[in-house]
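A.B. asks: Sending over a structure as structure tokens; questions will come in a sec.
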Amino acid sequence: MTSRIPLASRDEPPRTAVAAPGLPHPETPDYDVVGVGLGPFNLSLAALADGLPGLRAAFFEQAPAFSWHPGLLLEGTTLQVPFLADLVTLIDPTSPWSFLSYLRAHDRLFRFYLYERFHIPRREYDAYCRWVAEGLQSTHFGARVEAVRWHPDAGLFRIVVTRTTPPPAEAARGEASESAGTWSTRVVTARHLVLGIGTEPITPPAFAGVSSDRVFHSAHYRQRRASLAGLPHITVVGSGQSGAEVFADLLRNQQTATQHLTWITRTPAFAPMEYSKLGLEQFTPDHIRYFHGLEQGRRDALVPAQWQLYKGIDADTIAQIYDLLYERTIDGGDEAATLMPGVSVQSASLDDGRGEIALGCRHRDQDRTFPLTTDAVVLATGYAARRPTLLDPVAGLLALDGAGRFQIDARYRIATDPGLTGHLYVQNAELHTHGVGAPDLGLGAWRAAVILDDLTGGHAYRLPPPSAFTTFGAPPRTGGSHHAPRTATTTTTTGPAGRGTPATGTTADGGGLREPDAAADVDSDRAVRRRHPVMLGEGDR
């Protein structure tokens with residue numbers, strides 16, 4: 001555990017040095033790094049930062065407590081990644097914030113041992129993350145970041161934080177003092193900022209003008225599914241894992257004599273997710289390095305072509321749906337369901353009198369249009385990154401590409417004006433620059449470690465060397481051979497698991513502490529002025 005600055009109040013940002021615009025900044029900021037948002041990715045960063053002595057970090061989240069996709073925490077659903085892809089293990093298996101540590105704290109180790117599953121229930125992953133979020137000292141819930149400003153004279157970010165709700169979890173731990181609840185807005189200062197605000201549900205343009213309680217995103221399905229009971233016709237739009245799980249849940253609870261289900265998707269088939277071992281190597285740091293090195297136009301073309309990596313369906317879920325339909329048709333039974341791939345919804349309107357939703361659909365391959373009338377629509381249409389309004393005060397200092405997206409370097413820093421010397425990192429907003437691994441939980445701990453490595457000048461965690469068997473990109477030429485082996489010297493540390501300990505040695509392919517390799521690092525910094533790494537001195541602690 002790291003030593004921390006004492007808090008006057010657990011739920012109150014400490015040492016509020018700046019109370020109003022125009023006042024001078026202190027020389028020492030309140031924090032070295034502030035995280036905005038507390039989903040799994042910033043929570044991973046918080047958990048790994050907890051093992052770094054001298055790094056002062058705080059994370060603010062507007063929700064009153066941690067909650068991970070509550071609308072999809074359905075019975076029987078599991079993570080699509082193994083439990084080793086928790087918040088810390090793939091970087092530091094000795095961390096007190098691992099999933100196995102959670103099981104031990106809750107006396108569930110032997111039950112999990114006999115459970116014999118590599119993929120854990122989603123509900124338990126949510127419970128694990130809540131345990132970590134409530135245990136860390138650096139997490140502040142019920143606190144919304146309203147605005148971020150950059151002050152060049154001080155070389156610091158000023159972050160305006162507003163309390164949204166009382167933080168009951170913090171108070172329950174006995175960490176709130178008598179001053180708790182007395183502040184509504186505070187301003188804290190930080191050297192660097194990490195955006196982890198997550199993505200937001202996508203509503204297709206066809207549904208933009210439809211206002212009905214019976215049209216909602218799958219993100220709210222668990223809370224709203226009771227309202228669907230007894231409706232004659234329900235339509236699910238979208239065939240990723242979320243769409244499949246919603247359809248399977250509706251199918252299991254369907255009253256076949258009075259209710260019909262329709263499942264439509266733009267994709268050409270209800271196809272399984274790529275889950276072969278070599279195929280999954282596209283979710284490794286090796287592939288991220290390769291993808292980031294491509295020209296942006298090629299990257300934009302490649303992501304949609306990889307749809308089965310992130311829009312496919314778990315094979316077990318497909319099997320469950322098929323088996324339910326098969327058993328219904330025994331002895332001439334009616335499946336009471338219609339499944340239509342290759343279909344897009346072009347228009348949607350609401351009949352206020354009947355409460356029905358009229359959909360205008362088109363089969364993409366046949367180029368044929370047809371109507372579909374339904375009583376409710378569940379939109380399993382995915383999520384997208386957003387640019388938050390809290391960045392408006394620094395918008396003119398951010399470098400965007402031709403499509404208005406962040407330019408993000410290999411270390412997850414947004415390219416900025418040279419005058420902005422603090423780093424502004426992002427998590428899960430880099431699909432266009434880092435590829436399909438951006439939203440993958442299995443890469444969360446690695447990305448957090450890359451950010452911490454950059455923040456501390458290489459004194460955070462030992463990052464893994466290249467590990468994929470697949471060679472992404474053309475192999476290097478060495479001595480005229482196209483098949484030169486990848487060589488790497490062993491990276492050693494003087495402390496356990498490399499935690500907070502500088503390492504010696506490098507790897508020829510970008511392993512070791514500095515990740516990725518030097519060539520990629522130089523290339524990624526073309527849009528970001530080279531800055532001195534954060535080496536915390538005694539005066540800063």
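Chains: A, B, ... in order of the structure tokens. Residues: from 1 per chain. Ligands: from 1, in order shown.
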Fewer than 6 positions away in the same chain doesn't count, so skip those; otherwise give me all residues within 10 Å of Thr258 (chain A), counting only C-alpha atoms, as a PyMOL selection string.

C.D. replies: chain A and resi 230-233+336

A.B. asks: For Thr164 (chain A), find every residue with an atom within 8 Å (counting only C-alpha atoms), except residues of its own chain fewer than 3 positions away, and show them as a list in words.

C.D. replies: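 Listing them by chain and then by number gives Gln62, Ala63, Pro64, Gly142, Ala143 and Arg144 of chain A.
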
A.B. asks: Please build the interface table for region 276-361 of chain A against region 423-432 of chain A with a cut-off of 9 Å, listing for each qualifying residue the nearest atom pair and the distance in Å to one decimal; count only C-alpha atoms, order rows by chain and increasing number, and write it as CSV.

C.D. replies:
```
residue,atom,partner,partner_atom,distance
A:His292,CA,A:His432,CA,8.9
A:Gln296,CA,A:His432,CA,7.8
A:Arg299,CA,A:His432,CA,6.6
A:Asp300,CA,A:His432,CA,6.3
A:Val303,CA,A:His432,CA,7.7
```

A.B. asks: Based on the selection just made, write C-alpha atoms of those residues as a PDB file, in the first residue's frame.

C.D. replies:
```pdb
ATOM      1  CA  HIS A 292      -1.017   1.950 -33.887  1.00  0.00           C
ATOM      2  CA  GLN A 296      -5.007   6.270 -40.108  1.00  0.00           C
ATOM      3  CA  ARG A 299      -6.823   1.727 -39.413  1.00  0.00           C
ATOM      4  CA  ASP A 300     -10.300   3.068 -40.149  1.00  0.00           C
ATOM      5  CA  VAL A 303     -11.709  -2.003 -37.606  1.00  0.00           C
TER       6      VAL A 303
END
```

A.B. asks: From the options A:Tyr128, A:Phe83, A:Phe247, A:Tyr412, which residue's atoms come nearest to Asp454 (chain A), counting only C-alpha atoms?

C.D. replies: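 Distance minimum relative to Asp454 (chain A) lands on A:Tyr412.
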
A.B. asks: For Phe472 (chain A), which residue among A:Ala206, A:Leu294, A:Leu73, A:Val377 is the nearest when counting only C-alpha atoms?

C.D. replies: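 Closest to Phe472 (chain A), using only C-alpha atoms: A:Leu294.
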
A.B. asks: What does the distance between CA of Ile159 (chain A) and CA of Arg186 (chain A) come to in Å, to one decimal place?

C.D. replies: 8.2 Å

A.B. asks: What is the distance, in Å and to one decimal place, between CA of Asp440 (chain A) and CA of Gln282 (chain A)?

C.D. replies: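 For CA of Asp440 (chain A) relative to CA of Gln282 (chain A), the distance reads 10.7 Å.
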
A.B. asks: Between A:Ile197, A:Ile120, A:Leu443, A:Met340, which residue has the minimum interatomic distance to Thr389 (chain A), considering only C-alpha atoms?

C.D. replies: A:Ile197

A.B. asks: Fewer than 2 positions away in the same chain doesn't count, so skip those; otherwise give me all residues within 9 Å of Glu274 (chain A), counting only C-alpha atoms, as a list in words.

C.D. replies: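 The contact residues come out as Pro272, Ser276, Lys277, Gly279, Leu280, Gln308, Leu309, Tyr310, Gly312, Ile313 and Asp314 of chain A.
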
A.B. asks: Residues as selected, N, CA, C and O atoms, written as a CSV table (one decimal), in the first residue's frame, can you do that?

C.D. replies:
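Result file result-v4.csv:
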```
chain,number,residue,atom,x,y,z
A,272,PRO,N,-20.6,-16.4,-34.7
A,272,PRO,CA,-19.9,-16.5,-33.4
A,272,PRO,C,-18.7,-15.6,-33.3
A,272,PRO,O,-18.1,-15.2,-34.4
A,276,SER,N,-10.7,-18.4,-31.4
A,276,SER,CA,-9.6,-19.3,-31.5
A,276,SER,C,-8.4,-18.7,-30.8
A,276,SER,O,-8.2,-17.5,-30.7
A,277,LYS,N,-7.4,-19.5,-30.4
A,277,LYS,CA,-6.3,-19.0,-29.6
A,277,LYS,C,-5.4,-18.1,-30.4
A,277,LYS,O,-5.0,-17.1,-29.9
A,279,GLY,N,-6.5,-16.4,-33.1
A,279,GLY,CA,-7.3,-15.3,-33.4
A,279,GLY,C,-7.3,-14.3,-32.2
A,279,GLY,O,-7.3,-13.0,-32.4
A,280,LEU,N,-7.3,-14.8,-31.0
A,280,LEU,CA,-7.3,-13.9,-29.8
A,280,LEU,C,-6.0,-13.2,-29.6
A,280,LEU,O,-6.0,-12.2,-28.8
A,308,GLN,N,-16.1,-9.6,-36.2
A,308,GLN,CA,-16.3,-10.8,-35.5
A,308,GLN,C,-15.4,-10.9,-34.2
A,308,GLN,O,-15.7,-11.7,-33.3
A,309,LEU,N,-14.5,-10.0,-34.1
A,309,LEU,CA,-13.7,-9.9,-32.9
A,309,LEU,C,-14.5,-9.2,-31.8
A,309,LEU,O,-14.2,-9.4,-30.6
A,310,TYR,N,-15.4,-8.3,-32.1
A,310,TYR,CA,-16.0,-7.5,-31.1
A,310,TYR,C,-17.5,-7.4,-31.3
A,310,TYR,O,-18.2,-6.9,-30.4
A,312,GLY,N,-19.3,-10.3,-32.6
A,312,GLY,CA,-19.8,-11.6,-32.7
A,312,GLY,C,-20.4,-12.1,-31.4
A,312,GLY,O,-20.5,-11.3,-30.4
A,313,ILE,N,-20.9,-13.3,-31.4
A,313,ILE,CA,-21.7,-13.8,-30.2
A,313,ILE,C,-20.9,-15.0,-29.7
A,313,ILE,O,-20.4,-15.8,-30.4
A,314,ASP,N,-20.9,-15.1,-28.4
A,314,ASP,CA,-20.3,-16.3,-27.7
A,314,ASP,C,-21.0,-17.6,-28.2
A,314,ASP,O,-22.2,-17.6,-28.3
```

A.B. asks: What is the CA of Phe59 (chain A) to CA of His192 (chain A) distance in Å?

C.D. replies: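 Separation of CA of Phe59 (chain A) and CA of His192 (chain A): 12.0 Å.
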
A.B. asks: For a quick check of understanding, using only C-alpha atoms, which of A:Val187, A:Leu379, A:Ala85, A:Leu339 has the smallest distance to His217 (chain A)?

C.D. replies: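 Among the listed residues, A:Leu379 lies closest to His217 (chain A).
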
A.B. asks: Can you list every residue in region 239-315 of chain A that DSSP puts in strand (DSSP E or B), as a list in words?

C.D. replies: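 Across region 239-315 of chain A, those assigned strand (DSSP E or B) are His260, Leu261, Thr262, Trp263, Ile264, Pro272 and Ile313 of chain A.
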
A.B. asks: With C-alpha atoms retained, export the selected residues as a short mmCIF file (atom, residue, chain, number, x, y, z; two decimals), in the first residue's frame.

C.D. replies:
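Output contents, as saved in selection-v1.cif:
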```
data_model
loop_
_atom_site.label_atom_id
_atom_site.label_comp_id
_atom_site.auth_asym_id
_atom_site.auth_seq_id
_atom_site.Cartn_x
_atom_site.Cartn_y
_atom_site.Cartn_z
CA HIS A 260 -43.81 -13.34 -30.94
CA LEU A 261 -40.14 -12.32 -30.90
CA THR A 262 -38.19 -10.84 -33.80
CA TRP A 263 -34.43 -10.47 -33.91
CA ILE A 264 -32.90 -8.38 -36.68
CA PRO A 272 -19.86 -16.53 -33.39
CA ILE A 313 -21.67 -13.82 -30.23
#
```

A.B. asks: Calculated over only C-alpha atoms, which of the candidates A:Pro205, A:Pro93, A:Pro152, A:Pro465 has the smallest distance to Leu397 (chain A)?

C.D. replies: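 The shortest atom-to-atom distance to Leu397 (chain A) comes from A:Pro152.
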
A.B. asks: Measuring atom to atom with only C-alpha atoms, identify which of A:Pro476, A:Gly422, A:Pro201, A:Gly37 is nearest to Phe60 (chain A).

C.D. replies: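 Once distances to Phe60 (chain A) are computed over only C-alpha atoms, the minimum belongs to A:Gly37.
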